Structure formats: C-alpha cells, structure tokens
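Okay, so here's the structure we're looking at.
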There are 2 protein chains.
Amino acid sequence: MLQTRSGKRTGAGAVKIAVDLVAAGMITEREAILLVEPTHIDQLLHPQFKDEASYAADVIGVGLPASPGAAVGQVVFDTETAEELYARGNKAILVRVETSPEDVGGMNAAEGILTARGGMTSHAAVVARRWGKTCVSGCAELIVDQADRWLSLGGVKLHEGDWLSLNGSTGEVIRGATELAPPTISGDLGAFMSWVDRERQLKVLANADTPEDAATARENGAEGIGLVRTEHMFFASSDRIETVRRKIMADNSADRESALADLLPYQREDFEGIFREMDGFPVTIRLLDPPLHEFLPDGELDEIVALLAANTGAEESDVVDRIEKLAEINPMLGFRGCRLAITYPEIGRMQVRAIMEAACAVQSDTVDVQPDIMVPLVGTIEELRDQTAMIRDTAARVFHEKGTVVKYRVGTMIEIPRAALMSDQIATEAEFFSFGTNDLTQMTFGYSRDDVSKFLPTYLEKGILKHDPFQVLDQDGVGELISTSVERGRSTRTNLKVGICGEHGGDPASVYFFHRANLDYVSCSPFRVPIARLAAAQAAVKNAR
Amino acid sequence: MLQTRSGKRTGAGAVKIAVDLVAAGMITEREAILLVEPTHIDQLLHPQFKDEASYAADVIGVGLPASPGAAVGQVVFDTETAEELYARGNKAILVRVETSPEDVGGMNAAEGILTARGGMTSHAAVVARRWGKTCVSGCAELIVDQADRWLSLGGVKLHEGDWLSLNGSTGEVIRGATELAPPTISGDLGAFMSWVDRERQLKVLANADTPEDAATARENGAEGIGLVRTEHMFFASSDRIETVRRKIMADNSADRESALADLLPYQREDFEGIFREMDGFPVTIRLLDPPLHEFLPDGELDEIVALLAANTGAEESDVVDRIEKLAEINPMLGFRGCRLAITYPEIGRMQVRAIMEAACAVQSDTVDVQPDIMVPLVGTIEELRDQTAMIRDTAARVFHEKGTVVKYRVGTMIEIPRAALMSDQIATEAEFFSFGTNDLTQMTFGYSRDDVSKFLPTYLEKGILKHDPFQVLDQDGVGELISTSVERGRSTRTNLKVGICGEHGGDPASVYFFHRANLDYVSCSPFRVPIARLAAAQAAVKNAR
C-alpha cells in the first residue's frame with residue numbers, strides 16, 4: 001500500500017485510488033487524506049480553456065507541456081515588465097529564450113512562461129511546476145528578440161503587449177486571449193475534499209482584491225478573504241490612477257481631501273462587490289500599504305514629469321520637487337504602511353469611510369457583512385492606538401449618517417519583528433493578527449525580496465540555505481517570531497483570531513507549521529485554496545494539536 | 001546636596017564640585033560619580049583649537065556659541081553632500097539658513113553646523129548639543145545661496161568645498177582650516193575619571209578606522225577597538241578607490257584577484273599602524289560590509305560611465321551593464337556583508353591575508369597584537385561556518401609562510417533579527433558577538449535610517465515614539481533581541497565575549513541598558529569614550545549586576 005505513494009501518479013489517479021480504497025473498506029477516510037500529495041491537487045486544479053476545440057486555428061506552435069494548466073496574458077520579455085503588469089492587476093506571459101534564477105520575479109508575476117530552450121527539467125519547467133504556473137518550454141521554433149521586444153512563431157510576429165495563450169497540458173501556444181474556464185471540483189475530488197474539510201482544524205481563506213477574485217475564492221472553498229490589498233483597486237483604471245496621482249501631487253490637506261473624495265466611490269463600489277460575494281464570511285481589508293511613489297508612472301524622468309504635470313495641472317518644477325521628496329533609498333523600510341495614514345490621516349479616513357459605507361449599503365436581512373479592518377506595518381502599540389481611534393471614530397460617523405450599524409473588527413498585520421515581540425501589548429488593541437510572512441521574512445533575514453536574486457542562487461548551491469525562505473517558511477527564525485507572537489498575543493486576549501496572509505499560506509510545509517503554531521486560519525491565492533485545505537487536513541491527521 | 005545636581009553647572013564646575021566634596025570627606029568616590037552628568041563630560045571633552053590667538057586675522061564673523069568645541073571641515077550646503085564627504089572619511093561643515101529635522105542626516109555627518117537664523121534653543125543648537133557637535137547658530141550677517149552653493153560673511157565669499165573652522169564656545173567663524181588640539185584629561189577630571197574606571201564593569205572600546213583614530217581613542221581611555229570598518233580604508237586616496245573600482249568592474253575571478261592583490265598592501269599598511277597603536281588591546285576588524293555600488297562615483301550616469309571606463313579600461317557598454325547589475329531596490333537589505341565574501345571568496349581571503357600579514361609583521365617581544373576578526377551581517381550558522389573556514393584557512397597559510405603564529409579570535413556582528421534568535425547555534429562558531437545596533441534597529445523596526453526622516457518628526461510630535469530609536473536604544477524591542485542573544489549565546493559558550501559597536505555605544509541611557517544586559521564592552525566613537533566610561537560607572541554604582 002505504501003508503495004503506491006512513491007509511484008508516479010497523476011493527480012486524478014491519486015485521488016481515484018484514495019477514494020476507491022475507502023469505498024473498498026481497505027482504509028479509513030483519515031488514512032486516505034495522507035495518500036494524496038498537495039501537488040496532486042495542484043495539478044487537478046489549474047485553470048483550463050473553456051473549449052479546447054475553439055482555438056485550433058490560432059495555434060502558432062507547440063512546445064513541451066512543462067507545467068499544466070491554461071494561461072492567458074500579454075507578452076512580456078523581462079521581469080520588470082511582468083512585475084509592472086502584475087502590480088497593475090494585469091496578466092503577463094513571460095517569453096524568454098530560457099530562464100535563469102534572475103527571472104524568478106518575472107515568473108512569479110506572470111500567468112505563464114514560454115521558453116525556446118530547455119526540457120521538462122529545465123529551470124523554467126521546475127520552477128513553474130513548483131509554483132503551479134502554466135509553462136510551455138523548449139519551443140524550438142520560437143525566435144525571441146529581447147532587445148526589440150518581439151517574438152516570431154509559426155510565421156506570426158507578436159510584440160510586447162500582444163495577447164497570447166498557453167496550454168501547459170498540451171504544449172500549445174495560441175495567439176490572442178483564449179477564454180478560460182475556472183477549475184471545478186466534482187466527483188472523486190469532491191468526495192475527497194469533503195473528508196479533507198472535515199478533518200482540518202485550520203480555516204482556509206483567500207487573498208483577493210476584486211469581486212471576481214472573491215468569486216473564484218468561494219468556488220475553491222475559501223471561507224472568507226484574508227487579505228484585500230486596497231491599493232490594487234487604484235490601478236484598476238486610468239481614471240483611478242490619475243486621481244491617485246492628483247492626490248500625491250497635492251501639497252496641502254484641502255487638495256488631498258478633494259482628490260480622496262473622488263477616489264472614495266471607486267473603493268466603495270469594489271468593497272460592495274466583495275462583501276456581496278463573501279456573504280457570511282469575513283473580509284479582511286488592509287489599509288493602504290505601499291509607498292506613494294509606487295503610484296507614479298514608469299519611464300524616463302522627463303516623460304514622467306510631463307505626464308504628471310498634464311494629469312494634475314501642477315507646474316513641472318513642483319512635480320520634480322515632489323518626486324524627489326517621494327524617492328527613497330530603501331522603500332521597503334520607508335514611508336509606507338500605517339506610517340502613511342498616521343502622517344496623512346485623511347487617507348485612512350477615506351478608506352474606512354468607503355469600507356463602512358459599502359458595508360452599510362450591502363448589509364441586509366439576506367446578506368451578512370463581516371468587515372475586518374487591518375492596519376499594516378505596525379511596530380508599536382502607539383501606532384495601532386492612533387489607527388484604531390481613527391477607524392472607530394470614522395465608522396461611528398458613517399453609522400450615524402446611515403442610521404445603521406455593522407459589526408466589524410479591527411486588527412493588524414504582524415510583519416515587523418518588533419510587532420511580533422510586542423504582541424502582548426499590541427493585542428490590547430488588536431482583535432486579530434494576520435502574519436505578513438513576506439515582510440516578516442524580509443526583515444527577520446535582512447533580505448530584500450527584490451534584490452535577493454544577487455546571492456540566493458549561490459546560497460542554495462552552497463547549502464547555506466536549504467530553501468528560498470520566501471517560498472518555504474523559515475521555521476527556526478521567522479517561525480519563532482510567529483510562535484512568540486501567538487503566545488504573547490493570546491496571553492492578553494485569549495480569543496485573539498490569528499492567521500497568515502503571506503505567500504507561505506499556500507505552501508504545504510509551511511501550512512503544517514501554521515497548524516502546529518495554533519493559528520486559526522491561513523490565507524493564500526484563490527487557486528491555491530484547495531492545496532492549503534489538503535495540507536491543513538494532513539497536518540491535523542498527522543499532528544493532533 | 002541633591003539640589004546641586006539639578007542646578008545649571010558647566011562641565012568643569014560639576015567635576016570640581018564632585019572632587020572637592022570627596023576631598024572634604026563629605027561624600028564617597030562612588031557617590032561623586034553620580035554627581036556629574038555624562039553631558040558635562042561631553043562639554044569638557046570637545047576638541048579645541050591649538051592656539052586661539054593664532055587665527056584672529058581669519059575670523060570672518062561671530063554667531064551664537066550654540067554647542068561647544070572646535071570644528072574644521074569643508075563647506076557643504078546639504079545633507080547629501082555632508083554624507084558623501086563623511087562616507088569618504090572627509091570632514092564637512094554644514095551651512096544652512098536654519099536647520100529642520102530633514103537636515104539631521106547631514107548634521108550627524110558634519111563636524112560642525114553654522115546657521116544664519118535661530119537662537120540657543122533652535123533646532124540646530126539643540127540637536128548639535130545632544131550629539132556633541134560644534135555649532136554656531138544665528139549668525140545674522142551670513143548670506144547662504146543654497147542654489148549656487150556659496151556663502152558670504154564679513155566680505156568673504158566661500159564656495160562648496162572651501163575650508164571653514166567654527167569655535168562653538170565663542171561663536172567665531174574662521175576661514176580656512178585652523179589647527180586642532182585633541183582634548184586632554186587632567187587635574188580634577190583625571191582624578192574623577194580614575195574613580196569612574198575603578199567602578200565600571202563594562203569595558204569601553206572605540207570605533208576607529210585609521211591609526212590616527214586609534215591614537216585618539218587611546219588618549220581618551222579606550223581599551224581597544226571595537227570596530228574597524230575596513231571599507232573606509234578604500235576611500236583614503238584616489239589610487240585606492242580606482243583600484244576598488246577596477247575590482248568591481250572585473251567580470252572574472254582572475255581580474256578580480258589581480259585588483260585585490262593591488263589593494264592588499266594598502267590594507268596591510270593600515271592594519272599595521274592600528275595594531276601598533278593598540279599594543280596590548282584587542283582590535284576588532286569587520287570584513288567588507290557595504291554593497292559594492294557604494295564605491296562607484298557620484299554624479300550623472302553618463303559622467304560616471306565615462307569616468308569608470310577611463311579608470312578601468314572597460315567598454316562603456318560593459319560599464320553600464322555592470323552598474324545596472326549592481327543597482328538595488330533596497331540596498332540595506334541587499335547584496336552586502338558576508339553575502340559578498342561568500343559569493344566572491346577572493347575578497348574575504350585578501351582581507352584576512354592583509355590582517356594576518358600585518359599582525360605577523362608587527363607582533364614582537366614588545367608589541368602585543370590581538371586581532372579579532374568579525375564577520376558582518378550573519379543571519380544563519382551556515383554563513384558563519386563558511387566564513388570561519390575561510391578565515392582559519394587563510395590565517396594558517398599566512399602563518400606557514402611567515403613562520404610565525406598570532407593568536408586571534410573569530411566572531412560575528414549580531415545585527416540581523418534572525419541572528420539574535422539563533423545565537424545558541426551561532427555561538428558554536430563565534431568566539432565573540434558584537435551587536436550592530438544601527439542595523440538591528442533598522443530591521444527590528446523596519447525603518448530605513450536614510451528614509452526615516454519622512455515620518456519620524458510626525459512620530460515624535462504625536463508621541464508615537466518617545467525618542468529617535470537610532471539615538472536612544474529601544475529597550476523593549478531591540479533590547480529584548482539583545483538580551484535573548486546574550487543569554488542564548490552564553491548557553492552554548494559560557495565565556496563568549498559580548499559587546500556593542502553601534503552608535504548607541506556612546507549614549508548614556510543605552511549604556512545603562514548594556515550594563516544590565518551583562519555585556520562585556522561598549523564601543524563608540526573616540527570622542528565619546530569618556531562619556532561612555534562615566535555612564536558605565538554610573539550604571540555599575542546604581543545597578544550592581
């Protein structure tokens with residue numbers, strides 16, 4: 001029996017064997033849970049094209065089916081462009097002759113990866129499978145002109161920004177944006193996942209920034225949203241981003257308030273959609289986190305200045321001044337997170353007003369709205385006190401205006417080492433904690449995620465690190481801070497809700513750790529929710545708490 | 001008697017009262033130690049001009065004597081330029097119409113501060129006194145042209161880079177570089193400091209990068225050097241910095257080794273001078289720490305490229321490539337510290353060879369050399385194992401070649417939160433720990449020291465922080481990591497030597513904490529050594545361990 005586990009099986013096969021063995025009375029449902037690897041579920045749950053027959057005329061080439069699933073996005077040729085698209089909520093297909101560790105940022109940001117060289121165990125293929133990204137590798141006919149940013153395949157020339165689709169299960173490369181169907185859970189898998197959900201003790205939530213993401217999350221079994229990144233809403237249209245830029249260029253509180261008043265309806269509308277999708281489940285909304293300069297356009301300085309001056313009506317010299325003031329040496333450790341809303345209280349008030357107006361509008365006899373407002377980048381109890389006061393005051397004003405009241409909670413990200421250490425104090429104000437393991441890993445190791453590729457390959461090769469700590473949680477160091485924080489937080493507030501919303505939420509080994517650390521939930525990307533559900537169930541079966 | 005403590009006294013007065021009361025048999029020497037404030041010593045110990053009569057003809061103006069002492073440096077008009085000079089080991093006088101919190105970086109980097117506006121309690125005056133910087137404020141005749149970078153005073157026009165001297169005790173502004181005399185300790189102060197040294201349990205070392213700094217440190221009573229920043233040696237001459245740049249531009253190991261071979265004699269010569277000055281005392285040498293791009297020239301990109309191409313003989317396009325590869329989003333969390341020497345082992349081998357060749361050359365019957373080699377930015381035991389092996393192997397080779405052996409120790413900075421947590425493991429390899437409280441504060445709070453001025457003034461004003469944590473150690477958060485590290489490190493190695501070499505080493509409140517945390521030593525700038533000695537003695541008198 002045990003031998004079946006190490007044999008090579010497809011995801012569908014693994015689930016079928018497990019379900020059949022239970023049906024034959026040979027193993028219990030609990031035992032069955034341990035027979036399927038989380039990666040098997042990954043394989044089953046990738047998006048597929050809605051109709052594979054429909055795109056036959058658009059296939060321009062075929063490579064190796066290196067990592068399953070279907071991906072649609074705009075062609076990009078480097079990490080920077082892939083990340084820019086991702087940051088704006090757009091989808092990219094990263095096209096390279098072959099990939100190297102320096103491309104991992106772009107691979108992570110892209111929907112799919114297409115390479116001209118490399119087999120089923122090439123860098124691109126291995127990394128893509130690990131991350132559950134669609135990948136077509138070794139497409140030998142593909143010509144990539146990196147400098148002039150075009151590709152040629154099957155007689156078709158595509159430029160950066162053109163749409164392309166990849167079928168990672170067949171190796172097909174398809175021009176244009178082919179329609180996707182979300183993965184569905186049914187049959188054997190449905191039965192299997194019902195056992196999984198019965199055994200696990202961790203709740204599984206999803207990170208989602210739009211009503212569409214929220215719907216996908218629900219379909220994949222998410223029990224709420226663990227992270228809404230409000231800033232992603234600002235990139236959703238050119239109207240929105242121009243209004244944000246007008247806010248940033250404003251040099252006085254009145255102009256800032258006016259630009260913010262224009263942003264409020266956009267935010268409220270998004271929150272309304274998300275609350276509706278998440279009827280009966282918590283929606284954890286993080287207040288503005290990134291440094292303001294992330295909202296400026298890219299390009300050469302003079303182009304940026306001209307664009308901003310045109311957008312905002314400011315003098316070019318004032319724009320230059322403002323850009324220089326916003327520039328930072330180490331933006332990761334700079335003017336971001338709650339530091340923004342404490343310095344410019346009108347930003348936080350606008351966001352909380354949008355959340356609460358949306359909550360009041362959606363809440364009804366049939367829709368149960370559960371907003372959890374989350375303050376980012378807290379390091380001191382005084383920061384959280386300031387923000388909690390602002391949130392409670394703004395909420396009370398909205399409830400008074402609307403003549404209704406919505407129950408909500410106020411909590412904080414734990415992502416700064418000091419916050420983990422001071423958790424007994426911080427829990428006096430916070431009703432929940434959510435570990436931001438990406439930032440916590442950055443600060444605990446002193447590694448910039450954006451720069452780590454300069455030495456991480458050497459570290460992995462020399463065995464100085466066993467894993468990329470941004471992929472697999474460092475249980476010794478970062479894990480100790482998490483355990484300490486949970487213990488200290490609950491020493492102050494016994495019913496403190498504790499979860500995690502970094503990328504580690506979807507990594508099986510990390511999920512085992514979060515189970516043992518007595519967290520209440522993990523939150524991960526919508527497509528990884530089923531994987532996290534299985535990992536949580538396996539942790540529960542193996543390690544009763 | 002207690003009232004005398006709160007009355008306003010000069011430093012000399014305070015020491016005289018304390019010594020007289022002991023002489024009269026009214027108090028014990030231990031009680032006398034508590035009667036003098038560390039700031040009093042600060043006041044007594046500033047550098048003075050060698051001959052105040054000699055410069056009378058060069059006095060171009062007089063302002064308020066806002067913070068005592070004498071300062072000599074090159075005129076600069078902004079923080080960036082002050083910091084650039086400081087980074088290169090040069091001395092600056094920061095000239096401003098008035099200062100604001102945004103200028104603190106430049107004030108810290110400058111030898112002295114001159115302002116046109118502001119009284120004895122202006123921002124410039126208060127900050128300068130706190131830091132023991134010479135300051136002349138409110139020099140009303142002074143005209144400052146910030147844009148074109150010149151000043152005019154007493155009919156004399158000076159440009160950026162011209163030399164200027166300030167007498168902070170008289171308010172005199174003197175053109176040119178007036179000769180300084182180091183402060184001396186004698187008379188009442190000598191007797192008083194001898195009681196201080198008898199009572200204190202913490203050793204006091206100094207941070208020093210040159211034989212001259214080492215001599216000043218000895219004169220001020222330092223019992224060794226707690227931090228030699230080897231990279232400062234690279235900036236000492238244009239020959240050196242050009243050789244460093246040749247190394248950085250090298251794209252293969254052979255070219256790197258050749259450039260490093262040229263650097264070795266410079267480093268060896270500096271180490272020889274420092275070892276001679278520190279006969280009988282430990283000299284703690286930190287291997288290369290900053291990211292390589294800090295060694296590139298400043299200016300516009302095309303100027304830099306042309307200069308580097310000329311310096312190194314590389315093609316301009318290769319220079320551009322290399323600069324782009326070196327650029328980082330968050331250099332503080334990037335490719336620096338031991339990450340450099342692990343990736344490019346030839347750098348570490350050159351540095352250790354220079355140290356050991358110098359140690360072999362200087363050690364004799366009459367000179368006792370005690371090198372302590374310190375690995376920076378360690379976060380994992382595997383990093384330290386890699387570096388310890390490289391150090392011990394290189395040292396053994398040098399000893400074999402020279403036919404002699406020098407006793408040395410290998411230790412590490414504890415400046416990454418993870419290193420503090422993993423101290424039980426790290427102490428298996430490290431014979432000493434030195435807390436880098438600057439970096440540890442940056443990472444524990446998630447604050448970039450270079451960017452914190454964007455929100456720190458608001459945080460201090462709103463009471464979110466009581467102090468600038470880079471000035472006064474955060475005992476709750478950073479302090480807990482230090483205490484944990486000391487405890488865990490000594491649980492592995494009971495005789496582990498533990499000290500601190502961040503700027504907090506010269507802050508009295510922080511020194512009290514280090515005493516209670518059972519450190520062996522603090523290391524601070526040479527001029528703050530007497531202050532640290534008194535603070536350590538007061539801590540010992542008040543808090544027997």
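Going through the structure tokens in order, the chains are called A, B, and so on, while each chain numbers its residues from 1 and the ligands are numbered from 1 in the order shown.
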
Excluding Phe470 of chain B and any residue of its chain fewer than 2 positions from it, enumerate the residues within 7 Å of it, using only C-alpha atoms, and give them as a ChimeraX atom specification. /B:438,441,468,472-473

Write out as a PDB file with N, CA, C and O atoms, in the first residue's frame each polymer residue whose atoms come within 8 Å of Met107 of chain B, counting only C-alpha atoms; drop sequence neighbours fewer than 3 positions from it.
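Below you can see out.pdb, which holds the result:
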ATOM      1  N   THR B  79      22.484  67.886   3.171  1.00  0.00           N
ATOM      2  CA  THR B  79      22.731  66.598   3.814  1.00  0.00           C
ATOM      3  C   THR B  79      23.489  65.650   2.915  1.00  0.00           C
ATOM      4  O   THR B  79      24.438  64.990   3.334  1.00  0.00           O
ATOM      5  N   ALA B  82      27.134  66.416   2.725  1.00  0.00           N
ATOM      6  CA  ALA B  82      27.777  66.140   4.012  1.00  0.00           C
ATOM      7  C   ALA B  82      27.989  64.643   4.174  1.00  0.00           C
ATOM      8  O   ALA B  82      29.062  64.191   4.608  1.00  0.00           O
ATOM      9  N   LEU B  94      28.418  71.913   7.833  1.00  0.00           N
ATOM     10  CA  LEU B  94      27.122  72.093   7.186  1.00  0.00           C
ATOM     11  C   LEU B  94      26.644  73.526   7.411  1.00  0.00           C
ATOM     12  O   LEU B  94      26.516  73.959   8.567  1.00  0.00           O
ATOM     13  N   ASP B 103      17.348  67.815   8.039  1.00  0.00           N
ATOM     14  CA  ASP B 103      18.794  68.015   7.942  1.00  0.00           C
ATOM     15  C   ASP B 103      19.590  67.136   8.902  1.00  0.00           C
ATOM     16  O   ASP B 103      20.819  67.203   8.906  1.00  0.00           O
ATOM     17  N   VAL B 104      18.911  66.330   9.722  1.00  0.00           N
ATOM     18  CA  VAL B 104      19.658  65.642  10.784  1.00  0.00           C
ATOM     19  C   VAL B 104      20.710  64.695  10.231  1.00  0.00           C
ATOM     20  O   VAL B 104      21.767  64.526  10.830  1.00  0.00           O
ATOM     21  N   ALA B 110      28.297  65.896   9.633  1.00  0.00           N
ATOM     22  CA  ALA B 110      29.201  67.046   9.621  1.00  0.00           C
ATOM     23  C   ALA B 110      29.976  67.153  10.939  1.00  0.00           C
ATOM     24  O   ALA B 110      29.544  66.661  11.970  1.00  0.00           O
ATOM     25  N   GLU B 111      31.105  67.835  10.869  1.00  0.00           N
ATOM     26  CA  GLU B 111      31.886  68.127  12.076  1.00  0.00           C
ATOM     27  C   GLU B 111      31.246  69.257  12.869  1.00  0.00           C
ATOM     28  O   GLU B 111      31.306  69.289  14.093  1.00  0.00           O
ATOM     29  N   GLY B 112      30.682  70.205  12.134  1.00  0.00           N
ATOM     30  CA  GLY B 112      30.095  71.354  12.800  1.00  0.00           C
ATOM     31  C   GLY B 112      28.984  71.932  11.949  1.00  0.00           C
ATOM     32  O   GLY B 112      28.879  71.627  10.757  1.00  0.00           O
ATOM     33  N   ILE B 113      28.147  72.768  12.582  1.00  0.00           N
ATOM     34  CA  ILE B 113      26.976  73.319  11.899  1.00  0.00           C
ATOM     35  C   ILE B 113      26.991  74.830  12.088  1.00  0.00           C
ATOM     36  O   ILE B 113      27.199  75.324  13.199  1.00  0.00           O
ATOM     37  N   ALA B 128      22.648  69.745  17.916  1.00  0.00           N
ATOM     38  CA  ALA B 128      24.114  69.751  17.973  1.00  0.00           C
ATOM     39  C   ALA B 128      24.590  69.461  19.396  1.00  0.00           C
ATOM     40  O   ALA B 128      25.513  68.673  19.612  1.00  0.00           O
TER      41      ALA B 128
END

May I ask you to extract the residues of chain B within 9 Å of chain A, using only C-alpha atoms, and to give them as a PyMOL selection string? chain B and resi 325-335+339-340+342-343+377-383+386+416-419+421-422+442-452+454-455+458-459+463-465+476-478+480-481

Find the residues around Ile347 of chain A up to 9 Å (only C-alpha atoms counted), leave out those fewer than 3 positions away in its own chain, and share them as a PDB file with N, CA and C atoms, in the first residue's frame.
ATOM      1  N   ARG A 256      -5.592  67.381  -1.053  1.00  0.00           N
ATOM      2  CA  ARG A 256      -5.562  65.936  -0.825  1.00  0.00           C
ATOM      3  C   ARG A 256      -6.964  65.417  -0.565  1.00  0.00           C
ATOM      4  N   GLU A 257      -7.716  66.141   0.281  1.00  0.00           N
ATOM      5  CA  GLU A 257      -9.073  65.704   0.627  1.00  0.00           C
ATOM      6  C   GLU A 257      -9.950  65.671  -0.620  1.00  0.00           C
ATOM      7  N   LEU A 260      -9.043  62.662  -2.671  1.00  0.00           N
ATOM      8  CA  LEU A 260      -9.504  61.466  -1.959  1.00  0.00           C
ATOM      9  C   LEU A 260     -11.020  61.305  -2.085  1.00  0.00           C
ATOM     10  N   LEU A 288      -4.135  51.188   3.190  1.00  0.00           N
ATOM     11  CA  LEU A 288      -3.061  51.462   2.211  1.00  0.00           C
ATOM     12  C   LEU A 288      -1.681  51.069   2.739  1.00  0.00           C
ATOM     13  N   LEU A 340       1.949  56.011   6.576  1.00  0.00           N
ATOM     14  CA  LEU A 340       1.264  56.929   5.666  1.00  0.00           C
ATOM     15  C   LEU A 340       0.004  57.500   6.306  1.00  0.00           C
ATOM     16  N   ALA A 341      -0.843  56.603   6.829  1.00  0.00           N
ATOM     17  CA  ALA A 341      -2.147  57.056   7.330  1.00  0.00           C
ATOM     18  C   ALA A 341      -2.002  57.823   8.649  1.00  0.00           C
ATOM     19  N   ILE A 342      -0.906  57.600   9.359  1.00  0.00           N
ATOM     20  CA  ILE A 342      -0.679  58.383  10.573  1.00  0.00           C
ATOM     21  C   ILE A 342      -0.223  59.797  10.186  1.00  0.00           C
ATOM     22  N   TYR A 344      -0.752  61.250   7.113  1.00  0.00           N
ATOM     23  CA  TYR A 344      -1.847  61.860   6.348  1.00  0.00           C
ATOM     24  C   TYR A 344      -3.156  61.204   6.771  1.00  0.00           C
ATOM     25  N   MET A 350     -10.649  58.239   4.493  1.00  0.00           N
ATOM     26  CA  MET A 350     -11.355  57.949   3.238  1.00  0.00           C
ATOM     27  C   MET A 350     -11.552  56.451   3.089  1.00  0.00           C
ATOM     28  N   GLN A 351     -10.495  55.670   3.375  1.00  0.00           N
ATOM     29  CA  GLN A 351     -10.610  54.227   3.152  1.00  0.00           C
ATOM     30  C   GLN A 351     -11.632  53.596   4.095  1.00  0.00           C
ATOM     31  N   VAL A 352     -11.597  54.006   5.369  1.00  0.00           N
ATOM     32  CA  VAL A 352     -12.530  53.422   6.335  1.00  0.00           C
ATOM     33  C   VAL A 352     -13.966  53.845   5.995  1.00  0.00           C
TER      34      VAL A 352
END

Counting only C-alpha atoms, which of A:Lys247, A:Lys542, A:His400, A:His232 gets nearest to Glu346 of chain A?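 Using only C-alpha atoms, Glu346 of chain A sits closest to A:Lys247.
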